[in-house]
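Taking it in order: structure first as structure tokens, then the write-up.
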Amino acid sequence: MSTAFLIKNAFPTRKQRSFKASTLLTGSVLALILTQPALAQSAAEDAYSAYVKDMEALGFSASNSGVSYDSGADKLTISNEKWVFEGAYSTPETKEGEAAPDIKLPDELTYSVTISNGTTTIEGLSEADGVYSAESWMLSDDAKIEAVGAAGDLGRGKMEIRLSGMAITNYSFEMPAIPASDEGKPVSRWLPFIQKLMLQNFDETKVDTLGMTLEAYEGNGDDEKLVMSATMQMDGYQVLDSKNGQVGSYVMEKITQNILTRAEHSDDMLTQSVVQTGTVYKDINNKAFIDLFDPSVPASDEKVMVVASQTVESYRSTQEIEKGFALQLNGGAAHAKNFFAVKRDFDFLGFFDSLIAGGEPNIEQIALGVLQLYRSFGLEEAAIKDMVIAVPNPDNPQEEIRVTLGEARMEDLSSDRIGLMKVANLGAPSLPDGVSFKLDSASFGNLEFAEFGPIKDMIGKLVVMPQLAEQDPFLMARTFAPLSLSTSVEGLEFSIPGEAEVALGSYTLDLATVVAPIPTTINSKTVDLTLPVDAIEEPDTQKLLRGMGLETVTYSDELRMEWDEETQDLILENLTIKVDDLGAFEGSMRFANVARDVLEDPMGQGQMALALASFVEADLQFTDAGLTQKGLKFASEDSGITPDILKAIVVERAVGGTAMLQNEAFSAMVREAVTSFVNNPGSLQITAKPVKSVPMTQILGAMVAPQAIPDMLNIQVSAN
């Protein structure tokens with residue numbers, strides 16, 4: 001090679017330099033393109049390898065028959081993937097001096113969970129700082145989960161779940177880590193693990209069909225007996241829009257389950273079958289539920305929504321009570337909305353840490369824990385419609401007993417109150433022996449619970465002094481009694497052919513108090529309670545009513561009582577007792593200066609305070625609707641005394657009742673009014689309306705000179 005050639009090529013011309021630069025650039029780009037698939041393949045496979053290592057760190061063992069990668073689709077395919085989680089736990093031996101447990105414990109608990117499927121397909125898998133992401137994650141239709149467990153020679157169980165059409169899209173999650181061992185925190189140390197497990201993100205998780213079988217046995221070897229066997233199939237399972245613990249919806253199109261359980265007192269296997277359709281949960285907040293148990297989240301009175309709504313299209317259940325005797329329950333549409341949580345001031349996980357770590361159970365803490373857990377949840381509304389309950393007639397299995405319910409409803413349920421619990425259109429039209437029952441509606445609600453602060457303090461006192469409950473029952477009632485409640489019944493009919501026909505138009509009762517447990521407001525009303533005279537227990541009353549020609553009695557009443565805390569007035573009004581075809585009694589009363597002590601401490605200071613109250617007015621009236629004439633006729637026929645003589649006797653007894661007052665003018669007033677009434681029954685009225693209110697002490701003092709009472713109270717008796 002000549003020196004000129006070397007020099008020429010060592011120093012290329014402009015044209016040569018341009019060509020070589022172009023060649024170098026093209027080669028670099030080509031190399032980048034050719035190596036890019038290898039880098040993508042490596043990233044996906046590296047992510048899956050990291051996933052396997054993380055799962056193994058959780059205690060799983062992994063196996064498969066091969067992992068392949070499609071660079072064009074950025075898709076991993078894992079063949080015959082299998083995950084196994086298994087282990088054993090030895091029951092601690094009873095230490096010397098410790099009492100043996102009340103129930104027999106197994107020497108060892110063993111368990112094994114296997115997750116397997118023929119083909120796992122993952123598209124767009126990546127991993128960064130322990131967070132995994134995938135565009136889609138799909139399992140083949142042969143995917144299944146098998147779990148077996150045994151409790152020594154006491155029993156064993158096994159479960160198999162089969163998944164068809166399972167896929168997750170736009171999936172990301174952070175792999176939880178097994179928490180470090182901490183003897184002082186055996187429960188709470190798992191909180192971060194649970195948080196990461198539940199706070200996964202995805203657009204959709206779906207399973208076209210999920211099938212499950214479950215079996216449980218007791219005993220061992222030849223003595224082994226089946227305790228329970230169950231199958232379940234869920235169609236159309238779907239979870240949408242899961243982001244940071246907020247889930248858009250859960251959908252289960254249909255759930256079918258069949259369960260066999262061994263009867264309590266025999267070896268018979270009883271069946272239960274359930275079919276539920278159209279179940280949908282909307283706007284689920286998993287984080288809010290976890291926060292209830294997170295001690296780092298401060299207590300608050302804020303209501304945090306956990307589930308915005310739930311709907312069910314229909315529900316059907318058949319449950320054998322004993323062999324050949326089954327209860328059937330069919331329900332129509334059901335819904336619930338606004339299930340919420342409230343973070344309470346109680347460390348549930350810390351409490352269980354203490355118990356499991358060997359701490360002595362604290363009765364006060366246990367009681368408070370139960371109460372605070374109850375106080376942590378509430379519900380705005382829930383209802384189910386068109387329920388039918390059917391059972392065979394025990395005396396005639398070919399005959400069916402059916403009870404129908406148009407609607408059952410609950411509203412405003414929380415630790416503070418129960419707004420409403422109601423049933424409507426409840427009926428049993430054809431019970432055995434022709435008995436029938438119908439109820440238009442019945443409700444219970446407006447129940448305001450006592451404040452939690454005094455209840456909490458009282459629990460502490462009762463732990464130290466349990467005898468306090470017996471020593472001061474009024475204090476217990478004042479601490480725990482609700483502040484209000486309401487109940488109502490409408491349209492009740494009950495019929496026993498040939499024996500009783502009972503009906504009730506309506507009944508309402510409203511109670512409230514500002515001085516628990518004594519009601520300071522009472523509103524009560526009964527409309528048209530109709531019952532046969534035979535249903536009245538007192539023989540003399542039965543005889544009297546029959547003697548007046550009555551076979552049934554229709555009764556109504558009303559009462560309104562209120563104590564006004566500001567004015568200290570105690571008002572009793574709308575007091576009404578009415579019996580159709582006999583008459584009605586109406587009344588009202590009013591007292592002033594009724595101090596709070598009268599209600600708050602009736603056995604102590606209240607007695608002195610009651611003496612300082614004042615009588616304001618009273619108005620009592622009886623309006624006859626047949627009682628006088630029918631009563632006189634019956635008494636005359638029963639005694640053989642003429643009606644005129646009986647009238648005179650009635651008058652003299654009424655006047656005799658005023659003798660203790662030693663007031664001739666008042667006795668004459670009573671004689672005139674009663675005489676007029678028995679001769680021409682209409683209404684008899686007694687009023688007491690003093691010019692100004694009269695202290696109760698003055699009324700009590702007048703007992704030594706009772707003749708002054710009628711004038712003191714301005715008592716008037718009249719008839720018209």
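Letters A, B, ... go to the chains of the structure tokens in the order shown; residues in each chain start at 1; ligands are counted from 1 in the same order.
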Q: Give the strand (DSSP E) residues of region 571-678 of chain A, as DSSP finds them on the backbone, and put them as a PyMOL selection string.
A: chain A and resi 571-579+583-592+614-624
Just N, CA and C atoms for this one: save the residues we selected as a PDB file, in the first residue's frame.
```
ATOM      1  N   ILE A 571     -98.819  20.649  80.971  1.00  0.00           N
ATOM      2  CA  ILE A 571    -100.126  20.703  80.315  1.00  0.00           C
ATOM      3  C   ILE A 571    -100.560  19.296  79.926  1.00  0.00           C
ATOM      4  N   LEU A 572    -101.755  18.933  80.347  1.00  0.00           N
ATOM      5  CA  LEU A 572    -102.383  17.684  79.938  1.00  0.00           C
ATOM      6  C   LEU A 572    -103.646  18.054  79.176  1.00  0.00           C
ATOM      7  N   GLU A 573    -103.695  17.708  77.894  1.00  0.00           N
ATOM      8  CA  GLU A 573    -104.852  18.084  77.085  1.00  0.00           C
ATOM      9  C   GLU A 573    -105.192  16.973  76.098  1.00  0.00           C
ATOM     10  N   ASN A 574    -106.326  17.147  75.445  1.00  0.00           N
ATOM     11  CA  ASN A 574    -106.817  16.145  74.489  1.00  0.00           C
ATOM     12  C   ASN A 574    -106.919  14.758  75.112  1.00  0.00           C
ATOM     13  N   LEU A 575    -107.144  14.725  76.437  1.00  0.00           N
ATOM     14  CA  LEU A 575    -107.362  13.436  77.083  1.00  0.00           C
ATOM     15  C   LEU A 575    -108.755  12.940  76.702  1.00  0.00           C
ATOM     16  N   THR A 576    -108.804  11.874  75.916  1.00  0.00           N
ATOM     17  CA  THR A 576    -110.073  11.376  75.387  1.00  0.00           C
ATOM     18  C   THR A 576    -110.121   9.861  75.503  1.00  0.00           C
ATOM     19  N   ILE A 577    -111.241   9.357  76.016  1.00  0.00           N
ATOM     20  CA  ILE A 577    -111.523   7.922  76.030  1.00  0.00           C
ATOM     21  C   ILE A 577    -112.929   7.748  75.473  1.00  0.00           C
ATOM     22  N   LYS A 578    -113.028   7.025  74.376  1.00  0.00           N
ATOM     23  CA  LYS A 578    -114.308   6.909  73.681  1.00  0.00           C
ATOM     24  C   LYS A 578    -114.604   5.445  73.375  1.00  0.00           C
ATOM     25  N   VAL A 579    -115.859   5.036  73.664  1.00  0.00           N
ATOM     26  CA  VAL A 579    -116.335   3.716  73.290  1.00  0.00           C
ATOM     27  C   VAL A 579    -117.592   3.911  72.453  1.00  0.00           C
ATOM     28  N   GLY A 583    -120.185   6.150  74.880  1.00  0.00           N
ATOM     29  CA  GLY A 583    -119.920   7.538  75.212  1.00  0.00           C
ATOM     30  C   GLY A 583    -118.445   7.861  75.151  1.00  0.00           C
ATOM     31  N   ALA A 584    -118.163   9.131  75.495  1.00  0.00           N
ATOM     32  CA  ALA A 584    -116.778   9.593  75.422  1.00  0.00           C
ATOM     33  C   ALA A 584    -116.471  10.479  76.617  1.00  0.00           C
ATOM     34  N   PHE A 585    -115.262  10.287  77.174  1.00  0.00           N
ATOM     35  CA  PHE A 585    -114.765  11.122  78.250  1.00  0.00           C
ATOM     36  C   PHE A 585    -113.639  11.981  77.695  1.00  0.00           C
ATOM     37  N   GLU A 586    -113.682  13.305  77.976  1.00  0.00           N
ATOM     38  CA  GLU A 586    -112.653  14.223  77.514  1.00  0.00           C
ATOM     39  C   GLU A 586    -112.181  15.072  78.686  1.00  0.00           C
ATOM     40  N   GLY A 587    -110.917  15.423  78.663  1.00  0.00           N
ATOM     41  CA  GLY A 587    -110.413  16.206  79.773  1.00  0.00           C
ATOM     42  C   GLY A 587    -109.144  16.956  79.431  1.00  0.00           C
ATOM     43  N   SER A 588    -108.839  17.947  80.263  1.00  0.00           N
ATOM     44  CA  SER A 588    -107.590  18.696  80.155  1.00  0.00           C
ATOM     45  C   SER A 588    -107.243  19.248  81.525  1.00  0.00           C
ATOM     46  N   MET A 589    -105.928  19.413  81.764  1.00  0.00           N
ATOM     47  CA  MET A 589    -105.449  19.983  83.023  1.00  0.00           C
ATOM     48  C   MET A 589    -104.204  20.798  82.746  1.00  0.00           C
ATOM     49  N   ARG A 590    -103.960  21.760  83.645  1.00  0.00           N
ATOM     50  CA  ARG A 590    -102.773  22.577  83.498  1.00  0.00           C
ATOM     51  C   ARG A 590    -102.238  22.952  84.871  1.00  0.00           C
ATOM     52  N   PHE A 591    -100.891  22.767  85.021  1.00  0.00           N
ATOM     53  CA  PHE A 591    -100.213  23.132  86.253  1.00  0.00           C
ATOM     54  C   PHE A 591     -99.080  24.095  85.913  1.00  0.00           C
ATOM     55  N   ALA A 592     -98.762  24.975  86.831  1.00  0.00           N
ATOM     56  CA  ALA A 592     -97.683  25.946  86.631  1.00  0.00           C
ATOM     57  C   ALA A 592     -96.603  25.741  87.686  1.00  0.00           C
ATOM     58  N   SER A 614     -98.235  24.881  91.078  1.00  0.00           N
ATOM     59  CA  SER A 614     -99.552  25.519  91.209  1.00  0.00           C
ATOM     60  C   SER A 614    -100.547  24.876  90.252  1.00  0.00           C
ATOM     61  N   PHE A 615    -101.809  24.779  90.723  1.00  0.00           N
ATOM     62  CA  PHE A 615    -102.893  24.297  89.874  1.00  0.00           C
ATOM     63  C   PHE A 615    -103.482  25.483  89.122  1.00  0.00           C
ATOM     64  N   VAL A 616    -103.613  25.341  87.790  1.00  0.00           N
ATOM     65  CA  VAL A 616    -104.126  26.438  86.971  1.00  0.00           C
ATOM     66  C   VAL A 616    -105.580  26.205  86.582  1.00  0.00           C
ATOM     67  N   GLU A 617    -105.881  25.063  85.962  1.00  0.00           N
ATOM     68  CA  GLU A 617    -107.254  24.793  85.539  1.00  0.00           C
ATOM     69  C   GLU A 617    -107.412  23.332  85.165  1.00  0.00           C
ATOM     70  N   ALA A 618    -108.678  22.888  85.117  1.00  0.00           N
ATOM     71  CA  ALA A 618    -109.014  21.542  84.663  1.00  0.00           C
ATOM     72  C   ALA A 618    -110.401  21.576  84.049  1.00  0.00           C
ATOM     73  N   ASP A 619    -110.614  20.713  83.071  1.00  0.00           N
ATOM     74  CA  ASP A 619    -111.909  20.634  82.394  1.00  0.00           C
ATOM     75  C   ASP A 619    -112.159  19.165  82.058  1.00  0.00           C
ATOM     76  N   LEU A 620    -113.203  18.575  82.654  1.00  0.00           N
ATOM     77  CA  LEU A 620    -113.548  17.171  82.435  1.00  0.00           C
ATOM     78  C   LEU A 620    -114.980  17.090  81.942  1.00  0.00           C
ATOM     79  N   GLN A 621    -115.217  16.242  80.929  1.00  0.00           N
ATOM     80  CA  GLN A 621    -116.568  16.153  80.370  1.00  0.00           C
ATOM     81  C   GLN A 621    -116.844  14.739  79.861  1.00  0.00           C
ATOM     82  N   PHE A 622    -118.062  14.249  80.204  1.00  0.00           N
ATOM     83  CA  PHE A 622    -118.511  12.971  79.653  1.00  0.00           C
ATOM     84  C   PHE A 622    -119.700  13.240  78.741  1.00  0.00           C
ATOM     85  N   THR A 623    -119.611  12.725  77.517  1.00  0.00           N
ATOM     86  CA  THR A 623    -120.699  12.868  76.548  1.00  0.00           C
ATOM     87  C   THR A 623    -121.312  11.501  76.311  1.00  0.00           C
ATOM     88  N   ASP A 624    -122.595  11.377  76.637  1.00  0.00           N
ATOM     89  CA  ASP A 624    -123.265  10.083  76.550  1.00  0.00           C
ATOM     90  C   ASP A 624    -123.623   9.735  75.109  1.00  0.00           C
TER      91      ASP A 624
END
```
Q) Can you list every residue in region 101-204 of chain A that DSSP puts in helix (DSSP H, G or I), as a list of chain:residue names? A)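 Secondary structure check on region 101-204 of chain A, helix (DSSP H, G or I): A:Ser188, A:Arg189, A:Trp190, A:Leu191, A:Pro192, A:Phe193, A:Ile194, A:Gln195, A:Lys196, A:Leu197, A:Met198.
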Selection file, all heavy atoms, as a CSV table (one decimal), in the first residue's frame:
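Everything below was put into result-v5.csv:
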```csv
chain,number,residue,atom,x,y,z
A,188,SER,N,-51.4,-4.7,64.7
A,188,SER,CA,-51.3,-3.4,64.1
A,188,SER,C,-50.1,-3.3,63.1
A,188,SER,O,-50.1,-2.5,62.1
A,188,SER,CB,-51.1,-2.3,65.1
A,188,SER,OG,-50.0,-2.5,65.9
A,189,ARG,N,-49.1,-4.2,63.2
A,189,ARG,CA,-48.0,-4.2,62.3
A,189,ARG,C,-48.5,-4.6,60.8
A,189,ARG,O,-47.7,-4.3,59.9
A,189,ARG,CB,-46.9,-5.1,62.7
A,189,ARG,CG,-47.2,-6.6,62.7
A,189,ARG,CD,-46.1,-7.4,63.4
A,189,ARG,NE,-46.4,-8.8,63.4
A,189,ARG,CZ,-45.8,-9.7,62.5
A,189,ARG,NH1,-45.0,-9.2,61.6
A,189,ARG,NH2,-46.1,-11.0,62.5
A,190,TRP,N,-49.6,-5.2,60.7
A,190,TRP,CA,-50.1,-5.6,59.4
A,190,TRP,C,-50.9,-4.5,58.7
A,190,TRP,O,-51.3,-4.7,57.6
A,190,TRP,CB,-51.0,-6.9,59.6
A,190,TRP,CG,-50.2,-8.1,59.9
A,190,TRP,CD1,-49.9,-8.6,61.1
A,190,TRP,CD2,-49.6,-9.0,58.9
A,190,TRP,NE1,-49.1,-9.7,61.0
A,190,TRP,CE2,-48.9,-10.0,59.6
A,190,TRP,CE3,-49.5,-8.9,57.5
A,190,TRP,CZ2,-48.2,-11.0,59.0
A,190,TRP,CZ3,-48.8,-10.0,56.9
A,190,TRP,CH2,-48.2,-11.0,57.6
A,191,LEU,N,-51.1,-3.4,59.4
A,191,LEU,CA,-52.0,-2.3,58.7
A,191,LEU,C,-51.4,-1.8,57.4
A,191,LEU,O,-52.1,-1.8,56.4
A,191,LEU,CB,-52.1,-1.2,59.7
A,191,LEU,CG,-53.0,0.0,59.2
A,191,LEU,CD1,-54.4,-0.4,58.9
A,191,LEU,CD2,-53.0,1.1,60.2
A,192,PRO,N,-50.1,-1.5,57.3
A,192,PRO,CA,-49.6,-1.1,56.0
A,192,PRO,C,-49.7,-2.2,54.9
A,192,PRO,O,-50.0,-1.8,53.7
A,192,PRO,CB,-48.1,-0.8,56.3
A,192,PRO,CG,-48.0,-0.6,57.7
A,192,PRO,CD,-49.0,-1.5,58.3
A,193,PHE,N,-49.6,-3.4,55.3
A,193,PHE,CA,-49.8,-4.5,54.3
A,193,PHE,C,-51.2,-4.5,53.8
A,193,PHE,O,-51.4,-4.6,52.6
A,193,PHE,CB,-49.5,-5.8,55.0
A,193,PHE,CG,-49.6,-7.0,54.2
A,193,PHE,CD1,-48.5,-7.5,53.5
A,193,PHE,CD2,-50.8,-7.7,54.0
A,193,PHE,CE1,-48.6,-8.6,52.7
A,193,PHE,CE2,-50.9,-8.8,53.2
A,193,PHE,CZ,-49.8,-9.3,52.5
A,194,ILE,N,-52.2,-4.4,54.7
A,194,ILE,CA,-53.6,-4.4,54.3
A,194,ILE,C,-53.9,-3.1,53.4
A,194,ILE,O,-54.6,-3.2,52.4
A,194,ILE,CB,-54.5,-4.4,55.5
A,194,ILE,CG1,-54.3,-5.7,56.3
A,194,ILE,CG2,-56.0,-4.3,55.1
A,194,ILE,CD1,-54.6,-6.9,55.6
A,195,GLN,N,-53.3,-2.0,53.8
A,195,GLN,CA,-53.6,-0.8,53.0
A,195,GLN,C,-53.1,-0.9,51.6
A,195,GLN,O,-53.8,-0.6,50.7
A,195,GLN,CB,-52.8,0.4,53.7
A,195,GLN,CG,-53.5,0.9,55.0
A,195,GLN,CD,-52.6,1.9,55.7
A,195,GLN,OE1,-51.4,1.9,55.7
A,195,GLN,NE2,-53.3,2.9,56.4
A,196,LYS,N,-51.9,-1.4,51.4
A,196,LYS,CA,-51.4,-1.6,50.0
A,196,LYS,C,-52.2,-2.7,49.3
A,196,LYS,O,-52.4,-2.5,48.1
A,196,LYS,CB,-49.9,-2.0,50.0
A,196,LYS,CG,-49.0,-0.8,50.5
A,196,LYS,CD,-47.5,-1.2,50.5
A,196,LYS,CE,-46.7,-0.1,50.9
A,196,LYS,NZ,-45.2,-0.4,50.9
A,197,LEU,N,-52.7,-3.7,50.0
A,197,LEU,CA,-53.4,-4.7,49.3
A,197,LEU,C,-54.8,-4.2,48.8
A,197,LEU,O,-55.2,-4.6,47.7
A,197,LEU,CB,-53.6,-5.9,50.3
A,197,LEU,CG,-54.0,-7.2,49.8
A,197,LEU,CD1,-52.9,-7.8,48.9
A,197,LEU,CD2,-54.3,-8.2,50.9
A,198,MET,N,-55.4,-3.3,49.6
A,198,MET,CA,-56.7,-2.9,49.2
A,198,MET,C,-56.7,-1.6,48.3
A,198,MET,O,-57.7,-1.3,47.7
A,198,MET,CB,-57.5,-2.6,50.5
A,198,MET,CG,-57.8,-3.8,51.3
A,198,MET,SD,-58.9,-3.5,52.7
A,198,MET,CE,-60.5,-3.2,51.8
```
Q: Enter the distance from CA of Gly66 (chain A) to CA of Leu125 (chain A), in Å, rounded to one decimal.
A: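 So the two atoms, CA of Gly66 (chain A) and CA of Leu125 (chain A), lie 16.8 Å apart.
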Q | Contacts of Pro497 (chain A) within 10 Å, only C-alpha atoms, excl. fewer than 5 positions in-chain, as a PyMOL selection string | A | chain A and resi 433-436
Just the selected residues (N, CA, C and O atoms), exported as a PDB file, in the first residue's frame, please.
```pdb
ATOM      1  N   ASP A 433    -106.520 -23.268  59.873  1.00  0.00           N
ATOM      2  CA  ASP A 433    -107.822 -23.133  60.533  1.00  0.00           C
ATOM      3  C   ASP A 433    -108.544 -21.853  60.136  1.00  0.00           C
ATOM      4  O   ASP A 433    -109.386 -21.349  60.893  1.00  0.00           O
ATOM      5  N   GLY A 434    -108.209 -21.317  58.975  1.00  0.00           N
ATOM      6  CA  GLY A 434    -108.909 -20.138  58.485  1.00  0.00           C
ATOM      7  C   GLY A 434    -108.489 -18.834  59.120  1.00  0.00           C
ATOM      8  O   GLY A 434    -109.087 -17.785  58.864  1.00  0.00           O
ATOM      9  N   VAL A 435    -107.450 -18.859  59.953  1.00  0.00           N
ATOM     10  CA  VAL A 435    -106.967 -17.638  60.600  1.00  0.00           C
ATOM     11  C   VAL A 435    -106.333 -16.729  59.544  1.00  0.00           C
ATOM     12  O   VAL A 435    -105.659 -17.198  58.620  1.00  0.00           O
ATOM     13  N   SER A 436    -106.566 -15.433  59.657  1.00  0.00           N
ATOM     14  CA  SER A 436    -105.972 -14.474  58.722  1.00  0.00           C
ATOM     15  C   SER A 436    -105.452 -13.265  59.489  1.00  0.00           C
ATOM     16  O   SER A 436    -105.910 -12.966  60.601  1.00  0.00           O
TER      17      SER A 436
END
```
Q) Contacts of region 323-326 of chain A at 12 Å or less, counting only C-alpha atoms, minus same-chain residues fewer than 2 places along, as a ChimeraX atom specification? A) /A:260-273,317-321,328-329,389-401
Hey, can you spit out that residue selection with N, CA, C and O atoms as a compact mmCIF listing (two decimals), in the first residue's frame?
```
# COMPACT_ATOMS: atom_id res chain seq x y z
N LEU A 260 -75.17 -27.39 51.97
CA LEU A 260 -75.60 -28.50 52.82
C LEU A 260 -74.94 -28.33 54.18
O LEU A 260 -73.71 -28.17 54.27
N THR A 261 -75.73 -28.34 55.25
CA THR A 261 -75.18 -28.27 56.60
C THR A 261 -75.78 -29.39 57.43
O THR A 261 -76.95 -29.74 57.29
N ARG A 262 -74.97 -29.94 58.32
CA ARG A 262 -75.45 -31.04 59.17
C ARG A 262 -76.34 -30.48 60.27
O ARG A 262 -76.02 -29.47 60.90
N ALA A 263 -77.47 -31.14 60.49
CA ALA A 263 -78.41 -30.71 61.52
C ALA A 263 -77.75 -30.79 62.89
O ALA A 263 -76.84 -31.61 63.13
N GLU A 264 -78.22 -29.95 63.79
CA GLU A 264 -77.57 -29.84 65.10
C GLU A 264 -77.71 -31.11 65.92
O GLU A 264 -76.78 -31.51 66.62
N HIS A 265 -78.87 -31.78 65.84
CA HIS A 265 -79.12 -32.93 66.71
C HIS A 265 -79.27 -34.24 65.94
O HIS A 265 -79.85 -35.20 66.46
N SER A 266 -78.80 -34.28 64.71
CA SER A 266 -78.85 -35.52 63.93
C SER A 266 -77.79 -35.46 62.85
O SER A 266 -77.08 -34.46 62.69
N ASP A 267 -77.68 -36.56 62.10
CA ASP A 267 -76.73 -36.59 60.99
C ASP A 267 -77.37 -36.19 59.67
O ASP A 267 -76.75 -36.31 58.61
N ASP A 268 -78.62 -35.70 59.73
CA ASP A 268 -79.28 -35.24 58.50
C ASP A 268 -78.55 -34.03 57.94
O ASP A 268 -78.09 -33.16 58.68
N MET A 269 -78.44 -33.98 56.63
CA MET A 269 -77.87 -32.82 55.95
C MET A 269 -79.01 -31.95 55.44
O MET A 269 -79.85 -32.40 54.65
N LEU A 270 -79.04 -30.71 55.90
CA LEU A 270 -80.10 -29.77 55.54
C LEU A 270 -79.62 -28.88 54.40
O LEU A 270 -78.45 -28.48 54.36
N THR A 271 -80.52 -28.56 53.49
CA THR A 271 -80.14 -27.80 52.30
C THR A 271 -80.57 -26.34 52.40
O THR A 271 -81.58 -26.01 53.02
N GLN A 272 -79.78 -25.51 51.78
CA GLN A 272 -80.14 -24.10 51.60
C GLN A 272 -79.73 -23.71 50.18
O GLN A 272 -78.62 -24.02 49.75
N SER A 273 -80.63 -23.05 49.48
CA SER A 273 -80.31 -22.56 48.14
C SER A 273 -80.65 -21.09 48.07
O SER A 273 -81.66 -20.64 48.63
N SER A 317 -84.59 -17.62 48.32
CA SER A 317 -83.87 -18.50 49.23
C SER A 317 -84.79 -19.61 49.70
O SER A 317 -85.98 -19.37 49.97
N THR A 318 -84.26 -20.82 49.80
CA THR A 318 -84.97 -21.95 50.40
C THR A 318 -84.06 -22.56 51.46
O THR A 318 -82.93 -22.94 51.17
N GLN A 319 -84.56 -22.64 52.69
CA GLN A 319 -83.77 -23.14 53.81
C GLN A 319 -84.53 -24.24 54.52
O GLN A 319 -85.63 -24.01 55.04
N GLU A 320 -83.96 -25.45 54.55
CA GLU A 320 -84.58 -26.53 55.31
C GLU A 320 -84.38 -26.28 56.80
O GLU A 320 -83.26 -26.08 57.27
N ILE A 321 -85.50 -26.29 57.56
CA ILE A 321 -85.43 -26.15 59.01
C ILE A 321 -85.16 -27.52 59.62
O ILE A 321 -84.38 -27.66 60.57
N GLN A 328 -89.18 -20.87 52.64
CA GLN A 328 -88.87 -20.18 51.39
C GLN A 328 -89.01 -18.68 51.58
O GLN A 328 -89.98 -18.22 52.19
N LEU A 329 -88.04 -17.95 51.08
CA LEU A 329 -88.06 -16.49 51.17
C LEU A 329 -87.75 -15.92 49.80
O LEU A 329 -86.68 -16.17 49.24
N ILE A 389 -92.79 -15.05 52.29
CA ILE A 389 -92.26 -16.11 53.13
C ILE A 389 -93.26 -17.25 53.12
O ILE A 389 -94.46 -17.05 53.37
N ALA A 390 -92.79 -18.46 52.82
CA ALA A 390 -93.69 -19.60 52.72
C ALA A 390 -93.09 -20.80 53.42
O ALA A 390 -91.90 -21.09 53.28
N VAL A 391 -93.93 -21.50 54.21
CA VAL A 391 -93.53 -22.75 54.87
C VAL A 391 -94.68 -23.74 54.76
O VAL A 391 -95.85 -23.34 54.68
N PRO A 392 -94.39 -25.04 54.76
CA PRO A 392 -95.47 -26.02 54.76
C PRO A 392 -96.23 -25.98 56.09
O PRO A 392 -95.65 -25.70 57.15
N ASN A 393 -97.51 -26.27 56.02
CA ASN A 393 -98.31 -26.39 57.24
C ASN A 393 -97.88 -27.65 57.98
O ASN A 393 -97.95 -28.75 57.42
N PRO A 394 -97.39 -27.55 59.23
CA PRO A 394 -96.92 -28.75 59.94
C PRO A 394 -98.00 -29.83 60.05
O PRO A 394 -97.68 -31.01 60.05
N ASP A 395 -99.27 -29.41 60.16
CA ASP A 395 -100.36 -30.39 60.29
C ASP A 395 -100.79 -30.95 58.94
O ASP A 395 -101.45 -31.99 58.89
N ASN A 396 -100.46 -30.24 57.87
CA ASN A 396 -100.84 -30.69 56.53
C ASN A 396 -99.76 -30.23 55.56
O ASN A 396 -99.85 -29.16 54.98
N PRO A 397 -98.70 -31.02 55.39
CA PRO A 397 -97.56 -30.60 54.57
C PRO A 397 -97.91 -30.23 53.14
O PRO A 397 -97.14 -29.53 52.48
N GLN A 398 -99.07 -30.70 52.65
CA GLN A 398 -99.46 -30.34 51.29
C GLN A 398 -99.97 -28.90 51.21
O GLN A 398 -100.11 -28.34 50.13
N GLU A 399 -100.24 -28.32 52.37
CA GLU A 399 -100.77 -26.96 52.43
C GLU A 399 -99.65 -25.99 52.76
O GLU A 399 -98.82 -26.26 53.63
N GLU A 400 -99.62 -24.86 52.11
CA GLU A 400 -98.55 -23.87 52.30
C GLU A 400 -99.05 -22.68 53.09
O GLU A 400 -100.14 -22.16 52.85
N ILE A 401 -98.25 -22.26 54.05
CA ILE A 401 -98.53 -21.04 54.81
C ILE A 401 -97.69 -19.93 54.21
O ILE A 401 -96.47 -20.03 54.14
```
Q | Residue neighbourhood Asn244 (chain A), 8 Å, only C-alpha atoms, exclusion window fewer than 3 positions, as a ChimeraX atom specification | A | /A:199-201,287
Q) Residues at most 12 Å from Lys630 (chain A), counting only C-alpha atoms, excluding those fewer than 5 positions away in the same chain, as a list in words? A)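 Neighbouring residues, sequence-local ones excluded: Leu544, Leu545, Arg546, Gly547, Met548, Gly549, Leu550, Asp581, Leu582, Gly583, Asp624, Ala625, Ala635, Ser636, Glu637, Pro643, Val678 and Pro681 of chain A.
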Q) Which residues, written as a PyMOL selection string, have at least one atom at most 10 Å from Gly419 (chain A), with only C-alpha atoms counted and residues fewer than 2 positions away on the same chain left out? A) chain A and resi 380-381+410-414+416-417+421+444-448+485-486
Q | Residue nearest Glu183 (chain A) - candidates A:Ala44, A:Val148, A:Leu355, A:Ile259, atoms counted: only C-alpha atoms | A |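 Under the stated criterion, the closest residue is A:Leu355.
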Q: Record the distance separating CA of Thr114 (chain A) and CA of Ser164 (chain A), expressed in Å with one decimal.
A: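 Calculated distance between CA of Thr114 (chain A) and CA of Ser164 (chain A) is 16.7 Å.
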Q. Could you work out how far CA of Pro695 (chain A) lies from CA of Arg478 (chain A), giving the answer in Å with one decimal?
A.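 Rounded to one decimal, the two atoms are 28.7 Å apart.
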